[in-house]
>>> print(open('structure_39.txt').read())   # compact mmCIF, N, CA and C atoms
# COMPACT_ATOMS: atom_id res chain seq x y z
N ALA S 349 127.91 43.75 201.80
CA ALA S 349 127.46 42.98 202.96
C ALA S 349 125.97 43.24 203.19
N ALA S 350 125.56 44.51 203.05
CA ALA S 350 124.14 44.83 203.22
C ALA S 350 123.33 44.12 202.17
N MET S 351 123.81 44.05 200.97
CA MET S 351 123.08 43.38 199.88
C MET S 351 123.00 41.89 200.15
N ALA S 352 124.08 41.31 200.67
CA ALA S 352 124.09 39.88 200.97
C ALA S 352 123.09 39.59 202.07
N ALA S 353 123.05 40.45 203.08
CA ALA S 353 122.10 40.27 204.18
C ALA S 353 120.68 40.37 203.65
N GLU S 354 120.46 41.38 202.76
CA GLU S 354 119.12 41.57 202.17
C GLU S 354 118.74 40.33 201.37
N ARG S 355 119.72 39.79 200.59
CA ARG S 355 119.42 38.61 199.77
C ARG S 355 119.07 37.43 200.67
N GLU S 356 119.79 37.25 201.76
CA GLU S 356 119.52 36.14 202.68
C GLU S 356 118.14 36.30 203.29
N ARG S 357 117.82 37.60 203.66
CA ARG S 357 116.50 37.84 204.25
C ARG S 357 115.41 37.48 203.24
N LEU S 358 115.58 37.88 201.98
CA LEU S 358 114.58 37.59 200.94
C LEU S 358 114.47 36.08 200.70
N GLU S 359 115.63 35.40 200.72
CA GLU S 359 115.61 33.94 200.52
C GLU S 359 114.89 33.24 201.66
N ALA S 360 115.17 33.75 202.90
CA ALA S 360 114.52 33.17 204.07
C ALA S 360 113.01 33.38 203.97
N GLU S 361 112.61 34.60 203.57
CA GLU S 361 111.18 34.92 203.40
C GLU S 361 110.56 34.00 202.36
N ALA S 362 111.24 33.79 201.23
CA ALA S 362 110.74 32.94 200.15
C ALA S 362 110.61 31.51 200.66
N ALA S 363 111.60 31.05 201.45
CA ALA S 363 111.56 29.69 201.98
C ALA S 363 110.38 29.56 202.93
N GLU S 364 110.14 30.61 203.75
CA GLU S 364 108.99 30.60 204.68
C GLU S 364 107.69 30.49 203.90
N LYS S 365 107.56 31.33 202.83
CA LYS S 365 106.34 31.30 202.01
C LYS S 365 106.16 29.93 201.36
N GLU S 366 107.27 29.36 200.88
CA GLU S 366 107.20 28.04 200.24
C GLU S 366 106.76 26.99 201.26
N ALA S 367 107.29 27.08 202.48
CA ALA S 367 106.91 26.13 203.54
C ALA S 367 105.43 26.28 203.85
N ALA S 368 104.96 27.56 203.93
CA ALA S 368 103.54 27.79 204.22
C ALA S 368 102.68 27.21 203.11
N LEU S 369 103.10 27.42 201.84
CA LEU S 369 102.35 26.87 200.71
C LEU S 369 102.35 25.35 200.74
N ALA S 370 103.47 24.73 201.08
CA ALA S 370 103.56 23.28 201.16
C ALA S 370 102.61 22.78 202.24
N LYS S 371 102.58 23.55 203.40
CA LYS S 371 101.69 23.15 204.49
C LYS S 371 100.23 23.23 204.02
N GLN S 372 99.91 24.35 203.33
CA GLN S 372 98.53 24.51 202.82
C GLN S 372 98.18 23.41 201.83
N ALA S 373 99.14 23.06 200.97
CA ALA S 373 98.88 22.00 199.99
C ALA S 373 98.63 20.68 200.72
N ALA S 374 99.42 20.40 201.76
CA ALA S 374 99.25 19.16 202.52
C ALA S 374 97.87 19.16 203.18
N GLU S 375 97.48 20.33 203.76
CA GLU S 375 96.16 20.42 204.39
C GLU S 375 95.05 20.22 203.35
N ALA S 376 95.23 20.80 202.16
CA ALA S 376 94.22 20.66 201.09
C ALA S 376 94.09 19.19 200.69
N GLU S 377 95.24 18.52 200.59
CA GLU S 377 95.22 17.09 200.23
C GLU S 377 94.50 16.29 201.31
N GLU S 378 94.79 16.65 202.61
CA GLU S 378 94.16 15.96 203.73
C GLU S 378 92.63 16.15 203.65
N LYS S 379 92.23 17.41 203.38
CA LYS S 379 90.78 17.68 203.25
C LYS S 379 90.18 16.87 202.11
N GLU S 380 90.87 16.81 200.96
CA GLU S 380 90.38 16.03 199.82
C GLU S 380 90.23 14.55 200.20
N GLY S 381 91.24 14.06 200.94
CA GLY S 381 91.19 12.66 201.38
C GLY S 381 89.96 12.43 202.26
N LYS S 382 89.72 13.37 203.21
CA LYS S 382 88.55 13.23 204.09
C LYS S 382 87.26 13.28 203.27
N LEU S 383 87.20 14.22 202.31
CA LEU S 383 86.00 14.34 201.46
C LEU S 383 85.80 13.06 200.65
N ALA S 384 86.89 12.49 200.12
CA ALA S 384 86.80 11.25 199.34
C ALA S 384 86.30 10.12 200.24
N ALA S 385 86.84 10.07 201.48
CA ALA S 385 86.41 9.03 202.41
C ALA S 385 84.93 9.21 202.74
N MET S 386 84.49 10.48 202.95
CA MET S 386 83.08 10.74 203.25
C MET S 386 82.20 10.34 202.06
N ALA S 387 82.67 10.64 200.83
CA ALA S 387 81.90 10.28 199.63
C ALA S 387 81.78 8.76 199.53
N ALA S 388 82.90 8.05 199.81
CA ALA S 388 82.89 6.59 199.75
C ALA S 388 81.92 6.03 200.80
N GLU S 389 81.94 6.62 202.02
CA GLU S 389 81.04 6.16 203.09
C GLU S 389 79.58 6.42 202.68
N ARG S 390 79.32 7.62 202.08
CA ARG S 390 77.96 7.93 201.65
C ARG S 390 77.49 6.92 200.60
N GLU S 391 78.39 6.60 199.65
CA GLU S 391 78.04 5.62 198.61
C GLU S 391 77.74 4.25 199.23
N ARG S 392 78.55 3.86 200.25
CA ARG S 392 78.34 2.58 200.91
C ARG S 392 76.98 2.56 201.60
N LEU S 393 76.66 3.65 202.31
CA LEU S 393 75.37 3.74 203.01
C LEU S 393 74.21 3.73 202.01
N GLU S 394 74.37 4.44 200.88
CA GLU S 394 73.31 4.46 199.86
C GLU S 394 73.10 3.06 199.29
N ALA S 395 74.20 2.33 199.03
CA ALA S 395 74.10 0.97 198.50
C ALA S 395 73.39 0.07 199.50
N GLU S 396 73.73 0.23 200.80
CA GLU S 396 73.08 -0.55 201.87
C GLU S 396 71.58 -0.26 201.89
N ALA S 397 71.22 1.03 201.83
CA ALA S 397 69.81 1.43 201.85
C ALA S 397 69.07 0.85 200.64
N ALA S 398 69.71 0.88 199.48
CA ALA S 398 69.09 0.34 198.27
C ALA S 398 68.87 -1.16 198.42
N ALA S 399 69.84 -1.87 199.02
CA ALA S 399 69.71 -3.32 199.23
C ALA S 399 68.55 -3.60 200.19
N LYS S 400 68.46 -2.79 201.27
CA LYS S 400 67.35 -2.99 202.23
C LYS S 400 66.01 -2.74 201.55
N GLU S 401 65.94 -1.68 200.73
CA GLU S 401 64.69 -1.36 200.01
C GLU S 401 64.31 -2.51 199.07
N ALA S 402 65.30 -3.04 198.36
CA ALA S 402 65.03 -4.16 197.44
C ALA S 402 64.50 -5.37 198.21
N ALA S 403 65.08 -5.63 199.39
CA ALA S 403 64.64 -6.77 200.21
C ALA S 403 63.20 -6.55 200.66
N LEU S 404 62.87 -5.30 201.06
CA LEU S 404 61.50 -4.99 201.48
C LEU S 404 60.52 -5.16 200.33
N VAL S 405 60.90 -4.69 199.14
CA VAL S 405 60.04 -4.84 197.96
C VAL S 405 59.79 -6.32 197.68
N LYS S 406 60.86 -7.13 197.79
CA LYS S 406 60.73 -8.57 197.56
C LYS S 406 59.79 -9.20 198.59
N GLN S 407 59.96 -8.82 199.86
CA GLN S 407 59.09 -9.34 200.92
C GLN S 407 57.64 -8.95 200.67
N ALA S 408 57.41 -7.70 200.25
CA ALA S 408 56.05 -7.23 199.98
C ALA S 408 55.44 -8.05 198.83
N ALA S 409 56.23 -8.30 197.79
CA ALA S 409 55.74 -9.09 196.66
C ALA S 409 55.40 -10.51 197.11
N GLU S 410 56.27 -11.10 197.96
CA GLU S 410 56.00 -12.45 198.47
C GLU S 410 54.73 -12.46 199.32
N ALA S 411 54.54 -11.42 200.13
CA ALA S 411 53.34 -11.34 200.97
C ALA S 411 52.09 -11.25 200.09
N GLU S 412 52.17 -10.43 199.03
CA GLU S 412 51.03 -10.31 198.11
C GLU S 412 50.73 -11.66 197.45
N GLU S 413 51.81 -12.37 197.07
CA GLU S 413 51.65 -13.70 196.45
C GLU S 413 50.94 -14.65 197.41
N ARG S 414 51.40 -14.64 198.68
CA ARG S 414 50.76 -15.51 199.68
C ARG S 414 49.29 -15.14 199.86
N GLU S 415 49.01 -13.81 199.91
CA GLU S 415 47.61 -13.36 200.06
C GLU S 415 46.77 -13.85 198.88
N GLY S 416 47.34 -13.78 197.69
CA GLY S 416 46.62 -14.24 196.49
C GLY S 416 46.30 -15.73 196.59
N LYS S 417 47.31 -16.52 197.03
CA LYS S 417 47.09 -17.97 197.18
C LYS S 417 46.02 -18.25 198.22
N LEU S 418 46.08 -17.51 199.36
CA LEU S 418 45.08 -17.71 200.42
C LEU S 418 43.69 -17.35 199.92
N ALA S 419 43.59 -16.24 199.15
CA ALA S 419 42.28 -15.83 198.61
C ALA S 419 41.75 -16.91 197.66
N ALA S 420 42.64 -17.47 196.83
CA ALA S 420 42.23 -18.52 195.89
C ALA S 420 41.76 -19.76 196.66
N MET S 421 42.49 -20.10 197.74
CA MET S 421 42.10 -21.25 198.55
C MET S 421 40.75 -21.02 199.22
N ALA S 422 40.52 -19.79 199.72
CA ALA S 422 39.24 -19.46 200.36
C ALA S 422 38.11 -19.57 199.35
N ALA S 423 38.35 -19.06 198.13
CA ALA S 423 37.32 -19.13 197.08
C ALA S 423 37.01 -20.58 196.74
N GLU S 424 38.04 -21.41 196.64
CA GLU S 424 37.86 -22.83 196.34
C GLU S 424 37.06 -23.50 197.45
N ARG S 425 37.40 -23.16 198.72
CA ARG S 425 36.69 -23.76 199.85
C ARG S 425 35.21 -23.35 199.80
N GLU S 426 34.95 -22.06 199.51
CA GLU S 426 33.55 -21.60 199.42
C GLU S 426 32.81 -22.34 198.31
N ARG S 427 33.50 -22.55 197.16
CA ARG S 427 32.87 -23.26 196.04
C ARG S 427 32.52 -24.69 196.45
N LEU S 428 33.45 -25.36 197.13
CA LEU S 428 33.22 -26.74 197.57
C LEU S 428 32.08 -26.80 198.60
N GLU S 429 32.06 -25.80 199.52
CA GLU S 429 30.99 -25.76 200.53
C GLU S 429 29.64 -25.57 199.85
N ALA S 430 29.60 -24.68 198.84
CA ALA S 430 28.34 -24.44 198.11
C ALA S 430 27.90 -25.71 197.39
N GLU S 431 28.87 -26.41 196.78
CA GLU S 431 28.59 -27.68 196.08
C GLU S 431 28.01 -28.70 197.06
N ALA S 432 28.66 -28.80 198.24
CA ALA S 432 28.20 -29.76 199.25
C ALA S 432 26.78 -29.41 199.71
N ALA S 433 26.52 -28.10 199.91
CA ALA S 433 25.18 -27.67 200.34
C ALA S 433 24.15 -28.02 199.27
N ALA S 434 24.51 -27.82 198.00
CA ALA S 434 23.59 -28.14 196.90
C ALA S 434 23.31 -29.65 196.87
N LYS S 435 24.35 -30.48 197.05
CA LYS S 435 24.16 -31.93 197.07
C LYS S 435 23.26 -32.34 198.22
N GLU S 436 23.50 -31.72 199.41
CA GLU S 436 22.70 -32.04 200.58
C GLU S 436 21.23 -31.67 200.32
N ALA S 437 21.00 -30.49 199.72
CA ALA S 437 19.63 -30.06 199.42
C ALA S 437 18.97 -31.05 198.45
N ALA S 438 19.73 -31.52 197.46
CA ALA S 438 19.19 -32.48 196.49
C ALA S 438 18.80 -33.78 197.20
N LEU S 439 19.65 -34.23 198.12
CA LEU S 439 19.35 -35.46 198.87
C LEU S 439 18.10 -35.29 199.73
N VAL S 440 17.98 -34.12 200.39
CA VAL S 440 16.80 -33.85 201.21
C VAL S 440 15.55 -33.89 200.34
N LYS S 441 15.65 -33.27 199.13
CA LYS S 441 14.51 -33.25 198.21
C LYS S 441 14.15 -34.69 197.78
N GLN S 442 15.17 -35.48 197.44
CA GLN S 442 14.92 -36.88 197.04
C GLN S 442 14.26 -37.66 198.18
N ALA S 443 14.73 -37.43 199.42
CA ALA S 443 14.16 -38.14 200.57
C ALA S 443 12.69 -37.75 200.73
N ALA S 444 12.38 -36.43 200.57
CA ALA S 444 11.00 -35.96 200.69
C ALA S 444 10.13 -36.60 199.60
N GLU S 445 10.69 -36.66 198.37
CA GLU S 445 9.94 -37.27 197.27
C GLU S 445 9.69 -38.77 197.54
N ALA S 446 10.69 -39.45 198.10
CA ALA S 446 10.54 -40.87 198.41
C ALA S 446 9.45 -41.05 199.47
N GLU S 447 9.46 -40.17 200.49
CA GLU S 447 8.44 -40.24 201.53
C GLU S 447 7.05 -40.01 200.93
N GLU S 448 6.97 -39.04 200.01
CA GLU S 448 5.69 -38.74 199.34
C GLU S 448 5.20 -39.97 198.57
N ARG S 449 6.12 -40.61 197.82
CA ARG S 449 5.75 -41.83 197.06
C ARG S 449 5.27 -42.92 198.02
N GLU S 450 6.01 -43.10 199.15
CA GLU S 450 5.61 -44.10 200.14
C GLU S 450 4.21 -43.81 200.65
N GLY S 451 3.93 -42.51 200.91
CA GLY S 451 2.61 -42.09 201.38
C GLY S 451 1.53 -42.45 200.37
N LYS S 452 1.82 -42.13 199.09
CA LYS S 452 0.85 -42.44 198.03
C LYS S 452 0.62 -43.95 197.93
N LEU S 453 1.73 -44.72 198.02
CA LEU S 453 1.60 -46.18 197.95
C LEU S 453 0.77 -46.70 199.13
N ALA S 454 1.03 -46.13 200.33
CA ALA S 454 0.28 -46.55 201.52
C ALA S 454 -1.21 -46.21 201.33
N ALA S 455 -1.49 -45.00 200.78
CA ALA S 455 -2.88 -44.60 200.54
C ALA S 455 -3.53 -45.54 199.54
N MET S 456 -2.76 -45.90 198.46
CA MET S 456 -3.30 -46.82 197.45
C MET S 456 -3.58 -48.19 198.07
N ALA S 457 -2.69 -48.67 198.94
CA ALA S 457 -2.87 -49.97 199.59
C ALA S 457 -4.11 -49.93 200.48
N ALA S 458 -4.28 -48.82 201.22
CA ALA S 458 -5.46 -48.69 202.10
C ALA S 458 -6.74 -48.69 201.26
N GLU S 459 -6.74 -47.98 200.13
CA GLU S 459 -7.91 -47.92 199.23
C GLU S 459 -8.21 -49.31 198.68
N ARG S 460 -7.15 -50.04 198.29
CA ARG S 460 -7.35 -51.41 197.77
C ARG S 460 -7.98 -52.29 198.84
N GLU S 461 -7.46 -52.19 200.07
CA GLU S 461 -8.02 -52.99 201.18
C GLU S 461 -9.49 -52.65 201.41
N ARG S 462 -9.82 -51.33 201.33
CA ARG S 462 -11.22 -50.90 201.53
C ARG S 462 -12.11 -51.50 200.45
N LEU S 463 -11.62 -51.44 199.20
CA LEU S 463 -12.41 -51.97 198.07
C LEU S 463 -12.56 -53.50 198.21
N GLU S 464 -11.48 -54.17 198.64
CA GLU S 464 -11.55 -55.63 198.83
C GLU S 464 -12.56 -55.98 199.93
N ALA S 465 -12.56 -55.20 201.02
CA ALA S 465 -13.51 -55.45 202.12
C ALA S 465 -14.94 -55.23 201.62
N GLU S 466 -15.13 -54.15 200.84
CA GLU S 466 -16.46 -53.86 200.26
C GLU S 466 -16.91 -55.03 199.38
N ALA S 467 -16.00 -55.52 198.53
CA ALA S 467 -16.33 -56.62 197.63
C ALA S 467 -16.67 -57.88 198.44
N ALA S 468 -15.90 -58.12 199.52
CA ALA S 468 -16.17 -59.28 200.37
C ALA S 468 -17.55 -59.14 201.01
N GLU S 469 -17.87 -57.90 201.44
CA GLU S 469 -19.21 -57.65 202.03
C GLU S 469 -20.30 -57.96 201.01
N LYS S 470 -20.12 -57.47 199.78
CA LYS S 470 -21.11 -57.71 198.73
C LYS S 470 -21.24 -59.21 198.44
N ASP S 471 -20.08 -59.91 198.38
CA ASP S 471 -20.09 -61.37 198.15
C ASP S 471 -20.89 -62.06 199.24
N ALA S 472 -20.64 -61.65 200.51
CA ALA S 472 -21.34 -62.27 201.65
C ALA S 472 -22.85 -62.01 201.54
N ALA S 473 -23.23 -60.76 201.17
CA ALA S 473 -24.66 -60.42 201.02
C ALA S 473 -25.28 -61.26 199.91
N LEU S 474 -24.55 -61.43 198.78
CA LEU S 474 -25.06 -62.24 197.66
C LEU S 474 -25.20 -63.70 198.09
N ALA S 475 -24.21 -64.21 198.83
CA ALA S 475 -24.26 -65.61 199.29
C ALA S 475 -25.47 -65.80 200.22
N LYS S 476 -25.74 -64.79 201.09
CA LYS S 476 -26.88 -64.87 202.01
C LYS S 476 -28.18 -64.89 201.21
N GLN S 477 -28.26 -63.97 200.22
CA GLN S 477 -29.47 -63.91 199.37
C GLN S 477 -29.67 -65.24 198.64
N ALA S 478 -28.56 -65.82 198.12
CA ALA S 478 -28.66 -67.10 197.40
C ALA S 478 -29.14 -68.19 198.36
N ALA S 479 -28.62 -68.21 199.58
CA ALA S 479 -29.04 -69.21 200.56
C ALA S 479 -30.52 -69.04 200.88
N GLU S 480 -31.00 -67.78 201.03
CA GLU S 480 -32.42 -67.53 201.32
C GLU S 480 -33.30 -67.98 200.15
N ALA S 481 -32.81 -67.70 198.93
CA ALA S 481 -33.57 -68.11 197.74
C ALA S 481 -33.67 -69.63 197.70
N GLU S 482 -32.57 -70.32 197.99
CA GLU S 482 -32.58 -71.80 197.98
C GLU S 482 -33.54 -72.30 199.05
N GLU S 483 -33.54 -71.64 200.20
CA GLU S 483 -34.43 -72.04 201.30
C GLU S 483 -35.90 -71.89 200.87
N LYS S 484 -36.22 -70.77 200.20
CA LYS S 484 -37.60 -70.55 199.70
C LYS S 484 -37.96 -71.62 198.67
N GLU S 485 -36.99 -71.90 197.78
CA GLU S 485 -37.26 -72.93 196.75
C GLU S 485 -37.54 -74.26 197.43
N GLY S 486 -36.75 -74.59 198.48
CA GLY S 486 -36.95 -75.85 199.23
C GLY S 486 -38.34 -75.90 199.85
N LYS S 487 -38.82 -74.78 200.44
CA LYS S 487 -40.15 -74.73 201.05
C LYS S 487 -41.22 -74.91 200.01
N LEU S 488 -41.01 -74.23 198.86
CA LEU S 488 -42.02 -74.32 197.77
C LEU S 488 -42.07 -75.75 197.25
N ALA S 489 -40.91 -76.35 197.12
CA ALA S 489 -40.88 -77.76 196.65
C ALA S 489 -41.58 -78.66 197.63
N ALA S 490 -41.40 -78.41 198.93
CA ALA S 490 -42.02 -79.23 199.96
C ALA S 490 -43.54 -79.05 199.92
N MET S 491 -44.03 -77.85 199.61
CA MET S 491 -45.45 -77.58 199.54
C MET S 491 -45.99 -78.23 198.26
>>> encode(input="structure_39.txt", output="structure tokens")
Amino acid sequence: AAMAAERERLEAEAAEKEAALAKQAAEAEEKEGKLAAMAAERERLEAEAAAKEAALVKQAAEAEEREGKLAAMAAERERLEAEAAAKEAALVKQAAEAEEREGKLAAMAAERERLEAEAAEKDAALAKQAAEAEEKEGKLAAM
């Protein structure tokens, strides 16, 4: 009877230890599950962060592209403005040259008029001298 009681006590002890081990195994599995869930959440967050970073990189590239286009447009505008300024300067120069030519033509016309007036004066003086000579000839003939 003592041996049977001892055997029952040992069996009960073994069952207790087995129950404790089963409980520990269940707790270990629960911890593993939590760790797996945490790892999955970390992976999800990392993937989200990588997606956000990729979107930012894309936006930065697009911004750089827009800046490049704007710089090209500004350079083109400056080139066109410089071209327009050069054309305007050429027109101003042509206008000045035309005015200079007009001035020279006006000076030449004035000189021609002066020479014509001089020639008319000389003609008038010659006509007067011829008339005086004819008058003298008439007096001499009368004498």
>>> axis_aligned_box(input="structure_39.txt", around="region 469-480 of chain S", padding_each_side="4 Å", output="JSON")
{"center_x": -25.6, "center_y": -63.3, "center_z": 199.7, "size_x": 23.4, "size_y": 19.7, "size_z": 12.6}
>>> atom_distance(input="structure_39.txt", atom1="atom N of Ala399 (chain S)", atom2="atom C of Glu413 (chain S)")
22.9 Å
>>> atom_distance(input="structure_39.txt", atom1="atom C of Ala350 (chain S)", atom2="CA of Glu364 (chain S)")
19.9 Å
